[in-house]
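Data file: data.cif. Format and content: mmCIF, C-alpha atoms.
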data_query
#
loop_
_atom_site.label_atom_id
_atom_site.label_comp_id
_atom_site.auth_asym_id
_atom_site.auth_seq_id
_atom_site.Cartn_x
_atom_site.Cartn_y
_atom_site.Cartn_z
CA MET A 91 -22.95 2.69 20.75
CA SER A 92 -22.25 4.13 17.30
CA ALA A 93 -23.92 2.46 14.35
CA ASN A 94 -21.15 3.69 12.06
CA PRO A 95 -18.81 1.10 10.52
CA GLU A 96 -15.22 1.26 11.72
CA VAL A 97 -11.89 1.18 9.91
CA ILE A 98 -8.34 0.85 11.20
CA LEU A 99 -5.92 3.66 10.41
CA SER A 100 -2.38 2.83 9.37
CA ALA A 101 0.49 4.54 7.56
CA PHE A 102 3.82 3.99 5.89
CA ALA A 103 5.91 5.17 8.81
CA ASP A 104 9.05 5.78 6.76
CA GLU A 105 7.20 8.72 5.21
CA ALA A 106 7.05 10.38 8.63
CA ALA A 107 10.74 10.01 9.51
CA ASN A 108 13.45 12.38 8.30
CA ARG A 109 16.22 9.84 8.87
CA LYS A 110 14.14 6.66 8.56
CA THR A 111 15.18 5.38 12.00
CA ALA A 112 12.77 2.88 13.52
CA VAL A 113 12.51 4.91 16.72
CA GLU A 114 11.66 8.08 14.80
CA GLN A 115 9.07 6.21 12.72
CA MET A 116 7.36 4.67 15.74
CA ALA A 117 7.45 7.88 17.79
CA SER A 118 5.92 9.92 14.95
CA LEU A 119 2.98 7.58 14.38
CA ALA A 120 2.39 6.91 18.08
CA ALA A 121 2.20 10.67 18.72
CA LEU A 122 -0.39 10.94 15.93
CA GLY A 123 -2.47 8.26 17.61
CA LEU A 124 -1.89 5.37 15.20
CA LYS A 125 -1.33 1.80 16.36
CA TYR A 126 -0.60 0.16 13.01
CA TYR A 127 1.91 0.81 10.26
CA SER A 128 3.46 -0.84 7.23
CA PRO A 129 7.24 -1.17 7.29
CA ARG A 130 9.16 -0.32 4.14
CA PHE A 131 12.52 1.48 4.44
CA VAL A 132 14.03 1.51 7.93
CA ASP A 133 17.22 2.08 9.88
CA VAL A 134 16.67 -0.32 12.77
CA THR A 135 19.80 0.40 14.83
CA GLY A 136 20.24 4.12 14.21
CA SER A 137 23.56 3.53 12.46
CA GLY A 138 22.55 5.53 9.40
CA GLU A 139 22.15 2.44 7.22
CA VAL A 140 18.65 2.35 5.73
CA LYS A 141 17.41 -0.99 4.37
CA HIS A 142 14.19 -2.20 2.86
CA VAL A 143 12.40 -4.31 5.48
CA VAL A 144 12.79 -7.50 3.43
CA GLU A 145 16.57 -7.00 3.45
CA LEU A 146 16.82 -6.94 7.26
CA SER A 147 18.67 -9.76 8.98
CA ASP A 148 16.81 -12.03 11.37
CA GLU A 149 18.48 -10.17 14.25
CA GLU A 150 17.38 -6.80 12.89
CA LEU A 151 13.82 -8.05 12.43
CA SER A 152 13.85 -9.19 16.07
CA GLN A 153 15.15 -5.77 17.16
CA LEU A 154 12.43 -4.06 15.13
CA LYS A 155 9.78 -6.21 16.76
CA ASP A 156 11.08 -5.17 20.19
CA ILE A 157 10.74 -1.52 19.17
CA HIS A 158 7.15 -2.22 18.11
CA ALA A 159 6.41 -3.54 21.59
CA GLU A 160 8.01 -0.50 23.20
CA TYR A 161 5.81 1.89 21.24
CA GLY A 162 2.65 -0.23 21.12
CA MET A 163 2.80 -0.58 17.34
CA SER A 164 1.69 -3.50 15.17
CA VAL A 165 2.28 -4.23 11.50
CA ALA A 166 -0.62 -3.80 9.09
CA SER A 167 1.15 -5.09 5.98
CA ILE A 168 4.64 -5.53 4.62
CA GLY A 169 5.22 -2.69 2.16
CA SER A 170 6.94 -4.94 -0.36
CA ARG A 171 8.26 -4.05 -3.80
CA ILE A 172 7.19 -7.40 -5.27
CA GLY A 173 6.15 -7.03 -8.89
CA LYS A 174 8.15 -3.93 -9.73
CA ILE A 175 10.36 -5.79 -12.19
CA LYS A 176 10.11 -6.48 -15.91
CA LEU A 177 7.82 -9.25 -17.04
CA LEU A 178 10.09 -9.95 -20.03
CA ASP A 179 13.87 -9.97 -20.37
CA GLN A 180 14.19 -7.33 -23.06
CA GLU A 181 15.68 -3.86 -23.32
CA ASP A 182 12.95 -1.21 -23.39
CA GLY A 183 14.76 1.97 -22.43
CA SER A 184 13.56 1.84 -18.80
CA HIS A 185 15.70 1.34 -15.72
CA ASN A 186 13.46 -1.49 -14.52
CA LYS A 187 15.31 -4.74 -13.96
CA PHE A 188 14.47 -8.30 -14.98
CA VAL A 189 14.93 -11.26 -12.62
CA PRO A 190 14.31 -14.87 -13.71
CA PHE A 191 11.11 -15.93 -11.96
CA ASP A 192 12.48 -18.97 -10.11
CA GLU A 193 15.29 -16.83 -8.76
CA TYR A 194 12.77 -14.12 -7.84
CA MET A 195 10.71 -16.62 -5.84
CA GLU A 196 13.81 -17.81 -3.98
CA THR A 197 15.03 -14.31 -3.16
CA GLU A 198 12.61 -11.35 -3.08
CA VAL A 199 9.45 -13.37 -2.50
CA ALA A 200 11.04 -15.65 0.11
CA ASN A 201 12.57 -12.70 1.96
CA THR A 202 9.25 -10.88 1.99
CA ILE A 203 7.57 -13.92 3.53
CA ARG A 204 10.39 -14.15 6.09
CA ALA A 205 9.83 -10.52 7.11
CA ALA A 206 6.06 -10.99 7.32
CA LEU A 207 6.37 -14.03 9.58
CA ALA A 208 8.97 -12.35 11.81
CA LEU A 209 6.79 -9.25 12.28
CA ASP A 210 3.44 -11.06 12.63
CA ALA A 211 2.07 -9.53 9.41
CA LYS A 212 -0.87 -11.24 7.74
CA LEU A 213 -0.91 -8.90 4.74
CA ILE A 214 1.65 -8.12 2.05
CA ARG A 215 1.33 -5.16 -0.31
CA GLY A 216 2.70 -5.72 -3.80
CA PHE A 217 2.14 -5.17 -7.49
CA SER A 218 1.82 -6.85 -10.84
CA PHE A 219 4.74 -6.50 -13.29
CA TYR A 220 6.05 -4.04 -15.89
CA GLN A 221 5.18 -4.73 -19.50
CA PRO A 222 7.77 -3.47 -22.03
CA LYS A 223 7.84 0.32 -21.83
CA GLY A 224 5.87 1.93 -24.64
CA GLU A 225 3.61 -1.08 -25.16
CA ALA A 226 0.00 -1.44 -24.03
CA PRO A 227 -0.32 -3.70 -20.98
CA ASP A 228 -3.46 -5.47 -22.20
CA GLY A 229 -1.61 -8.11 -24.17
CA TYR A 230 0.42 -9.16 -21.15
CA VAL A 231 -2.39 -9.77 -18.66
CA ASP A 232 -2.40 -13.57 -18.93
CA GLN A 233 1.37 -13.80 -18.42
CA ALA A 234 1.10 -11.58 -15.36
CA VAL A 235 -1.79 -13.68 -14.04
CA GLU A 236 0.33 -16.84 -14.20
CA LEU A 237 3.20 -15.34 -12.18
CA VAL A 238 1.11 -13.43 -9.64
CA ALA A 239 -0.93 -16.60 -9.02
CA LYS A 240 2.27 -18.50 -8.17
CA ILE A 241 3.31 -15.80 -5.71
CA THR A 242 -0.18 -15.75 -4.19
CA ASP A 243 -0.16 -19.53 -3.76
CA GLU A 244 3.20 -19.35 -2.00
CA PHE A 245 1.79 -16.74 0.37
CA ALA A 246 -1.22 -18.96 1.05
CA LYS A 247 1.08 -21.67 2.40
CA HIS A 248 1.99 -19.24 5.20
CA GLY A 249 -1.51 -17.85 5.83
CA ILE A 250 -0.64 -14.54 4.15
CA VAL A 251 -2.93 -12.33 2.04
CA TYR A 252 -1.50 -10.66 -1.07
CA GLY A 253 -2.79 -7.18 -1.87
CA LEU A 254 -2.21 -5.98 -5.43
CA GLU A 255 -1.99 -2.18 -5.58
CA VAL A 256 -3.25 -0.20 -8.55
CA GLU A 257 -0.39 1.87 -9.94
CA ALA A 258 0.65 3.61 -13.14
CA ASN A 259 2.90 1.96 -15.73
CA LEU A 260 2.21 -1.61 -14.59
CA ILE A 261 0.04 -4.45 -15.88
CA GLY A 262 -2.60 -3.32 -13.41
CA GLN A 263 -2.41 0.43 -13.92
CA ASN A 264 -6.16 1.00 -13.59
CA GLY A 265 -9.17 -0.46 -11.85
CA LYS A 266 -10.45 -2.35 -14.87
CA MET A 267 -7.18 -4.17 -15.44
CA LEU A 268 -6.58 -4.90 -11.76
CA ALA A 269 -10.10 -6.33 -11.44
CA GLU A 270 -9.37 -8.51 -14.48
CA LEU A 271 -6.19 -9.79 -12.83
CA ALA A 272 -8.04 -10.57 -9.59
CA THR A 273 -10.86 -12.34 -11.43
CA LYS A 274 -8.52 -14.49 -13.49
CA ILE A 275 -6.21 -15.35 -10.56
CA ASN A 276 -9.26 -16.22 -8.45
CA ARG A 277 -7.54 -16.94 -5.15
CA GLU A 278 -9.18 -16.42 -1.77
CA ASN A 279 -6.02 -14.82 -0.37
CA LEU A 280 -5.68 -12.32 -3.23
CA VAL A 281 -7.23 -8.86 -2.87
CA VAL A 282 -6.61 -5.52 -4.53
CA ILE A 283 -5.64 -2.17 -3.02
CA TYR A 284 -7.33 0.99 -4.23
CA ASP A 285 -5.14 4.13 -4.30
CA GLY A 286 -6.79 7.26 -5.62
CA GLY A 287 -3.56 9.21 -5.97
CA ASN A 288 -2.15 6.55 -8.27
CA LEU A 289 -5.09 7.18 -10.60
CA SER A 290 -5.49 10.96 -10.43
CA SER A 291 -1.74 11.23 -11.12
CA GLN A 292 -2.59 9.60 -14.46
CA ASN A 293 -4.76 12.67 -15.20
CA MET A 294 -7.99 10.91 -14.22
CA SER A 295 -10.79 13.15 -12.99
CA PRO A 296 -12.68 12.51 -9.73
CA VAL A 297 -15.48 10.90 -11.75
CA GLN A 298 -13.02 8.60 -13.50
CA CYS A 299 -11.32 7.71 -10.21
CA PHE A 300 -14.70 6.73 -8.77
CA GLU A 301 -15.43 4.56 -11.81
CA GLU A 302 -12.10 2.77 -11.37
CA TYR A 303 -12.90 2.28 -7.67
CA GLU A 304 -16.27 0.74 -8.58
CA LEU A 305 -14.56 -1.76 -10.90
CA MET A 306 -12.13 -2.73 -8.13
CA ARG A 307 -14.66 -2.71 -5.30
CA PRO A 308 -15.63 -6.44 -5.34
CA HIS A 309 -11.96 -7.34 -4.91
CA ILE A 310 -10.76 -4.60 -2.52
CA GLY A 311 -9.01 -5.74 0.65
CA TRP A 312 -7.82 -2.36 1.88
CA ILE A 313 -7.36 1.20 0.67
CA HIS A 314 -4.32 3.46 0.42
CA ILE A 315 -5.01 7.11 1.10
CA LYS A 316 -3.06 9.31 -1.28
CA ASP A 317 -4.25 12.23 -3.38
CA TYR A 318 -3.01 14.37 -6.23
CA GLU A 319 -3.85 17.68 -7.87
CA ILE A 320 -3.89 17.32 -11.65
CA ASP A 321 -1.60 19.69 -13.51
CA PRO A 322 -3.81 21.08 -16.32
CA ALA A 323 -0.71 21.85 -18.37
CA MET A 324 0.37 18.22 -18.40
CA GLU A 325 -0.50 16.30 -21.54
CA TRP A 326 -1.22 12.67 -20.75
CA LEU A 327 1.05 10.49 -22.88
CA GLY A 328 0.14 7.16 -21.27
CA TYR A 329 3.20 6.86 -19.04
CA VAL A 330 3.91 8.48 -15.66
CA ASP A 331 7.39 9.78 -14.87
CA GLU A 332 7.10 8.87 -11.21
CA GLU A 333 10.21 10.77 -10.14
CA ARG A 334 8.74 14.07 -11.40
CA LEU A 335 5.37 13.89 -9.62
CA LYS A 336 5.16 16.86 -7.28
CA ASN A 337 1.47 17.61 -6.79
CA PHE A 338 0.54 15.17 -4.02
CA VAL A 339 -1.87 16.69 -1.50
CA PRO A 340 -3.97 15.61 1.50
CA ALA A 341 -7.06 13.53 0.75
CA ASP A 342 -9.52 16.37 1.38
CA VAL A 343 -8.24 18.67 -1.38
CA GLY A 344 -7.09 16.52 -4.32
CA ASP A 345 -8.64 15.27 -7.55
CA SER A 346 -9.25 11.65 -6.50
CA GLY A 347 -12.72 12.35 -5.09
CA HIS A 348 -12.15 10.68 -1.74
CA GLU A 349 -15.37 11.99 -0.20
CA ALA A 350 -17.53 10.19 -2.77
CA ILE A 351 -15.41 7.04 -2.57
CA LEU A 352 -15.51 6.88 1.24
CA ARG A 353 -19.23 7.62 1.29
CA ASP A 354 -19.79 4.59 -0.95
CA PHE A 355 -17.15 2.44 0.77
CA ARG A 356 -18.89 3.00 4.10
CA ASP A 357 -21.70 0.62 3.11
CA HIS A 358 -19.23 -2.13 2.20
CA ILE A 359 -17.04 -1.99 5.31
CA PRO A 360 -19.02 -4.52 7.43
CA ALA A 361 -18.84 -7.29 4.82
CA LEU A 362 -15.20 -6.54 4.06
CA ASP A 363 -14.36 -6.49 7.77
CA GLU A 364 -15.80 -9.99 8.08
CA ARG A 365 -13.87 -11.21 5.04
CA MET A 366 -10.52 -9.79 6.14
CA LYS A 367 -10.90 -11.19 9.65
CA LYS A 368 -11.61 -14.63 8.20
CA LEU A 369 -8.34 -14.28 6.28
CA GLY A 370 -6.50 -13.55 9.53
CA GLY A 371 -6.31 -9.76 9.45
CA PRO A 372 -7.54 -7.40 12.20
CA GLY A 373 -10.11 -5.63 10.03
CA VAL A 374 -10.34 -3.05 7.25
CA PHE A 375 -7.34 -0.76 6.85
CA LEU A 376 -7.20 2.73 5.45
CA GLU A 377 -3.49 3.26 5.05
CA LEU A 378 -1.87 6.65 4.59
CA GLU A 379 0.85 6.93 1.96
CA PRO A 380 0.56 10.67 1.37
CA HIS A 381 3.84 11.61 -0.42
CA LEU A 382 3.26 15.24 0.58
CA LYS A 383 6.95 16.14 0.18
CA GLY A 384 7.54 13.92 -2.84
CA GLY A 385 7.17 10.39 -4.15
CA GLY A 386 8.74 8.02 -6.62
CA GLN A 387 8.78 4.46 -7.89
CA PHE A 388 9.64 2.75 -4.61
CA GLY A 389 8.49 5.14 -1.90
CA GLY A 390 7.70 8.66 -0.82
CA PHE A 391 8.19 11.23 1.91
CA SER A 392 5.93 13.48 3.93
CA GLY A 393 7.91 14.30 7.06
CA PRO A 394 6.41 14.19 10.54
CA ASP A 395 4.58 17.45 9.85
CA GLY A 396 3.25 16.25 6.49
CA MET A 397 2.07 12.97 7.98
CA GLY A 398 0.24 14.92 10.66
CA VAL A 399 -1.48 17.04 8.00
CA ALA A 400 -2.44 13.89 6.08
CA VAL A 401 -3.81 12.09 9.17
CA ARG A 402 -5.93 15.06 10.23
CA ALA A 403 -7.28 15.51 6.70
CA LEU A 404 -8.31 11.84 6.55
CA CYS A 405 -9.92 11.97 10.00
CA SER A 406 -11.90 15.02 8.93
CA LEU A 407 -13.18 13.14 5.87
CA LEU A 408 -14.07 10.09 7.94
CA ASP A 409 -15.98 12.23 10.42
CA TYR A 410 -17.83 13.87 7.53
CA THR A 411 -18.74 10.55 5.89
CA ASN A 412 -19.72 8.86 9.19
CA ILE A 413 -16.97 6.25 9.29
CA ASP A 414 -15.53 5.52 12.72
CA TYR A 415 -11.86 5.04 13.57
CA ARG A 416 -9.83 4.89 16.75
CA LEU A 417 -6.86 6.98 17.79
CA ARG A 418 -4.90 6.25 20.94
CA ASN A 419 -6.58 7.22 24.17
CA MET A 420 -5.93 6.90 27.90
CA ALA A 421 -6.85 3.22 27.85
CA ASP A 422 -3.95 2.61 25.48
CA ILE A 423 -1.59 4.53 27.76
CA LYS A 424 -2.68 2.43 30.72
CA GLU A 425 -2.18 -0.76 28.73
CA LEU A 426 1.36 0.26 27.79
CA ARG A 427 2.05 1.10 31.44
CA GLY A 428 0.80 -2.32 32.46
CA PHE A 429 -2.33 -1.47 34.46
#

Whole structure given in structure tokens:
Amino acid sequence: MSANPEVILSAFADEAANRKTAVEQMASLAALGLKYYSPRFVDVTGSGEVKHVVELSDEELSQLKDIHAEYGMSVASIGSRIGKIKLLDQEDGSHNKFVPFDEYMETEVANTIRAALALDAKLIRGFSFYQPKGEAPDGYVDQAVELVAKITDEFAKHGIVYGLEVEANLIGQNGKMLAELATKINRENLVVIYDGGNLSSQNMSPVQCFEEYELMRPHIGWIHIKDYEIDPAMEWLGYVDEERLKNFVPADVGDSGHEAILRDFRDHIPALDERMKKLGGPGVFLELEPHLKGGGQFGGFSGPDGMGVAVRALCSLLDYTNIDYRLRNMADIKELRGF
């Protein structure tokens, strides 16, 4: 038996589907050997109408769950958009919207919980909030802590873990700030999500990305696998134009330093696996969100071919850093056939 620690591979399946149909998403990931995914944008019926998973009707969620069973897929986390709204109701030149918090809890947050319960998801991916554009986020940390804590407590009532993802432009745009949020919120069911591509796209070097990872490490619940090649001609002005990012690459060739991060993370997987299982999850996820054909504020795209490239690149890194993972094998085929 291998002494290597083991992770579970997952992906945002909408990135692998040209038309975002549920069948195309499930078929693409199943063919790549994955058994978990995070739903985000999906056309459940094949009608051409794409919805965010939290906008699906109860009937559509039930249909989606049936498709999961058909393809042997399970949900890793709900790929929510929670937090990607303005913290304050003031004009700042951005297109970000403001929603009164009580209304937000009764709509977006409640619908995200509804989707998680319908799809047997124990984890929800989300974010902090947007400070006014052009202002430093540091002065808004305590306000963000108050609101994120309320969301986290609501999730706890349903046995759900909230994962805060590090991302540019938010109150939580780097590892230091996200660790500060997690420390101040101090809830058992709150973890953070490391995403190297969301840091290197802020012109951070591999060394800087590793330093941000180290700051987040005590609070990490799972990791997103995304990478980016820094454009040396780009002057960092402190704000990422997410719609113009074009240099996303597989995790074995970018500037996020995934080899060093995974080599260190390897030693922490056993303890994290125990923690996440106690919280109701199946283990430690490495989740692909590669954006190889483009990415923006609320999602990205890789195509079935791009997702295949990203999966193989990650598996190569995991083999090199002695971290085990499982792809579908004949035992899975037999299980789906019922013998």

Query - Picked residues, the PyMOL selection byres ((chain A and resi 212-220) around 8), expected as a count of residues only - result: 37

Report task. List, as a PyMOL selection string, every residue that the PyMOL selection byres ((chain A and resi 346-363) around 6) selects in the file provided. Result -> chain A and resi 286+290+296+299+317+344-345+364-366+373-374+411

Report task. Might you spell out which residues the PyMOL selection byres ((chain A and resi 151) around 12) would select in the displayed file, as a ChimeraX atom specification? Result -> /A:112,129,132-135,141-150,152-158,201-202,204-210

Output of the above residues as a compact mmCIF listing (two decimals), in the frame of the given file, restricted to C-alpha atoms:
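Final output, again-v1.txt:
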# COMPACT_ATOMS: atom_id res chain seq x y z
CA ALA A 112 12.77 2.88 13.52
CA PRO A 129 7.24 -1.17 7.29
CA VAL A 132 14.03 1.51 7.93
CA ASP A 133 17.22 2.08 9.88
CA VAL A 134 16.67 -0.32 12.77
CA THR A 135 19.80 0.40 14.83
CA LYS A 141 17.41 -0.99 4.37
CA HIS A 142 14.19 -2.20 2.86
CA VAL A 143 12.40 -4.31 5.48
CA VAL A 144 12.79 -7.50 3.43
CA GLU A 145 16.57 -7.00 3.45
CA LEU A 146 16.82 -6.94 7.26
CA SER A 147 18.67 -9.76 8.98
CA ASP A 148 16.81 -12.03 11.37
CA GLU A 149 18.48 -10.17 14.25
CA GLU A 150 17.38 -6.80 12.89
CA SER A 152 13.85 -9.19 16.07
CA GLN A 153 15.15 -5.77 17.16
CA LEU A 154 12.43 -4.06 15.13
CA LYS A 155 9.78 -6.21 16.76
CA ASP A 156 11.08 -5.17 20.19
CA ILE A 157 10.74 -1.52 19.17
CA HIS A 158 7.15 -2.22 18.11
CA ASN A 201 12.57 -12.70 1.96
CA THR A 202 9.25 -10.88 1.99
CA ARG A 204 10.39 -14.15 6.09
CA ALA A 205 9.83 -10.52 7.11
CA ALA A 206 6.06 -10.99 7.32
CA LEU A 207 6.37 -14.03 9.58
CA ALA A 208 8.97 -12.35 11.81
CA LEU A 209 6.79 -9.25 12.28
CA ASP A 210 3.44 -11.06 12.63

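Comparing A:Lys240, A:Arg307, A:Lys247, A:Lys367 by their smallest distance to Ile275 of chain A, the closest is A:Lys240 (using only C-alpha atoms).
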
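Between atom CA of Arg427 of chain A and atom CA of Ser164 of chain A the separation is 16.9 Å.
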
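Reported to one decimal place, the separation of atom CA of Leu404 of chain A from atom CA of Gly384 of chain A is 18.5 Å.
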
Report task. Could you tell me how far atom CA of Phe131 of chain A lies from atom CA of Asp104 of chain A, in Å and to one decimal? Result -> 6.0 Å

Query raised in the report: Which residues come within 10 Å of Lys383 of chain A, counting all atoms listed in the file, excluding same-chain residues fewer than 2 positions away, as a ChimeraX atom specification?
Result: /A:105,336-339,380-381,385,390-393,396-397

Query raised in the report: Which residue, A:Leu122, A:Ala117, A:Leu369, A:Met420, has the smallest gap to Ser100 of chain A when you use only C-alpha atoms?
Result: A:Leu122

Requested in this report: Would you be able to write out as a list in words which residues have an atom within 9 Å of (-14.1, -2.0, -5.9) in the file's coordinates, counting all atoms listed in the file?
Outcome: Gly265, Ala269, Val282, Ile283, Tyr284, Glu301, Glu302, Tyr303, Glu304, Leu305, Met306, Arg307, Pro308, His309, Ile310 and Phe355 of chain A

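Considering the residues A:Ala246, A:Val113, A:Leu237, A:Val231 and counting all atoms listed in the file, Gly162 of chain A has its shortest atom-to-atom contact with A:Val113.
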
All heavy atoms are what I want for segment 261-270 of chain A; can you complete it accordingly and write them as a short mmCIF file (atom, residue, chain, number, x, y, z; two decimals), in the frame of the given file?
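Wrote it out as selection_20.cif, contents follow:
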data_model
loop_
_atom_site.label_atom_id
_atom_site.label_comp_id
_atom_site.auth_asym_id
_atom_site.auth_seq_id
_atom_site.Cartn_x
_atom_site.Cartn_y
_atom_site.Cartn_z
N ILE A 261 1.17 -3.64 -15.42
CA ILE A 261 0.04 -4.45 -15.88
C ILE A 261 -0.92 -4.51 -14.68
O ILE A 261 -0.86 -5.39 -13.84
CB ILE A 261 0.50 -5.87 -16.28
CG1 ILE A 261 1.62 -5.78 -17.30
CG2 ILE A 261 -0.67 -6.68 -16.84
CD1 ILE A 261 2.42 -7.07 -17.44
N GLY A 262 -1.78 -3.54 -14.59
CA GLY A 262 -2.60 -3.32 -13.41
C GLY A 262 -2.61 -1.85 -13.07
O GLY A 262 -2.69 -1.45 -11.91
N GLN A 263 -2.55 -1.01 -14.12
CA GLN A 263 -2.41 0.43 -13.92
C GLN A 263 -3.75 1.13 -13.68
O GLN A 263 -3.77 2.32 -13.36
CB GLN A 263 -1.72 1.06 -15.12
CG GLN A 263 -2.47 0.87 -16.44
CD GLN A 263 -1.63 1.30 -17.63
OE1 GLN A 263 -2.05 2.13 -18.43
NE2 GLN A 263 -0.45 0.74 -17.74
N ASN A 264 -4.86 0.41 -13.85
CA ASN A 264 -6.16 1.00 -13.59
C ASN A 264 -7.09 -0.04 -12.98
O ASN A 264 -6.75 -1.22 -12.88
CB ASN A 264 -6.76 1.60 -14.87
CG ASN A 264 -6.83 0.58 -16.00
OD1 ASN A 264 -7.24 -0.56 -15.80
ND2 ASN A 264 -6.44 0.99 -17.20
N GLY A 265 -8.25 0.43 -12.54
CA GLY A 265 -9.17 -0.46 -11.85
C GLY A 265 -9.68 -1.59 -12.71
O GLY A 265 -9.81 -2.73 -12.25
N LYS A 266 -9.94 -1.31 -13.98
CA LYS A 266 -10.45 -2.35 -14.87
C LYS A 266 -9.45 -3.49 -15.02
O LYS A 266 -9.81 -4.67 -14.92
CB LYS A 266 -10.75 -1.74 -16.25
CG LYS A 266 -11.26 -2.74 -17.27
CD LYS A 266 -11.51 -2.08 -18.62
CE LYS A 266 -12.00 -3.12 -19.64
NZ LYS A 266 -12.23 -2.49 -20.97
N MET A 267 -8.19 -3.14 -15.23
CA MET A 267 -7.18 -4.17 -15.44
C MET A 267 -6.87 -4.93 -14.15
O MET A 267 -6.67 -6.15 -14.16
CB MET A 267 -5.90 -3.54 -15.99
CG MET A 267 -4.87 -4.54 -16.45
SD MET A 267 -3.58 -3.74 -17.42
CE MET A 267 -4.54 -3.19 -18.83
N LEU A 268 -6.85 -4.22 -13.02
CA LEU A 268 -6.58 -4.90 -11.76
C LEU A 268 -7.73 -5.85 -11.40
O LEU A 268 -7.49 -6.95 -10.89
CB LEU A 268 -6.39 -3.86 -10.64
CG LEU A 268 -5.42 -4.28 -9.53
CD1 LEU A 268 -4.03 -4.56 -10.09
CD2 LEU A 268 -5.34 -3.23 -8.46
N ALA A 269 -8.95 -5.44 -11.68
CA ALA A 269 -10.10 -6.33 -11.44
C ALA A 269 -10.01 -7.56 -12.34
O ALA A 269 -10.35 -8.68 -11.92
CB ALA A 269 -11.40 -5.57 -11.70
N GLU A 270 -9.54 -7.38 -13.58
CA GLU A 270 -9.37 -8.51 -14.48
C GLU A 270 -8.32 -9.48 -13.94
O GLU A 270 -8.52 -10.71 -13.97
CB GLU A 270 -8.96 -8.02 -15.87
CG GLU A 270 -8.83 -9.14 -16.90
CD GLU A 270 -8.41 -8.66 -18.27
OE1 GLU A 270 -8.24 -7.43 -18.46
OE2 GLU A 270 -8.24 -9.51 -19.17
#
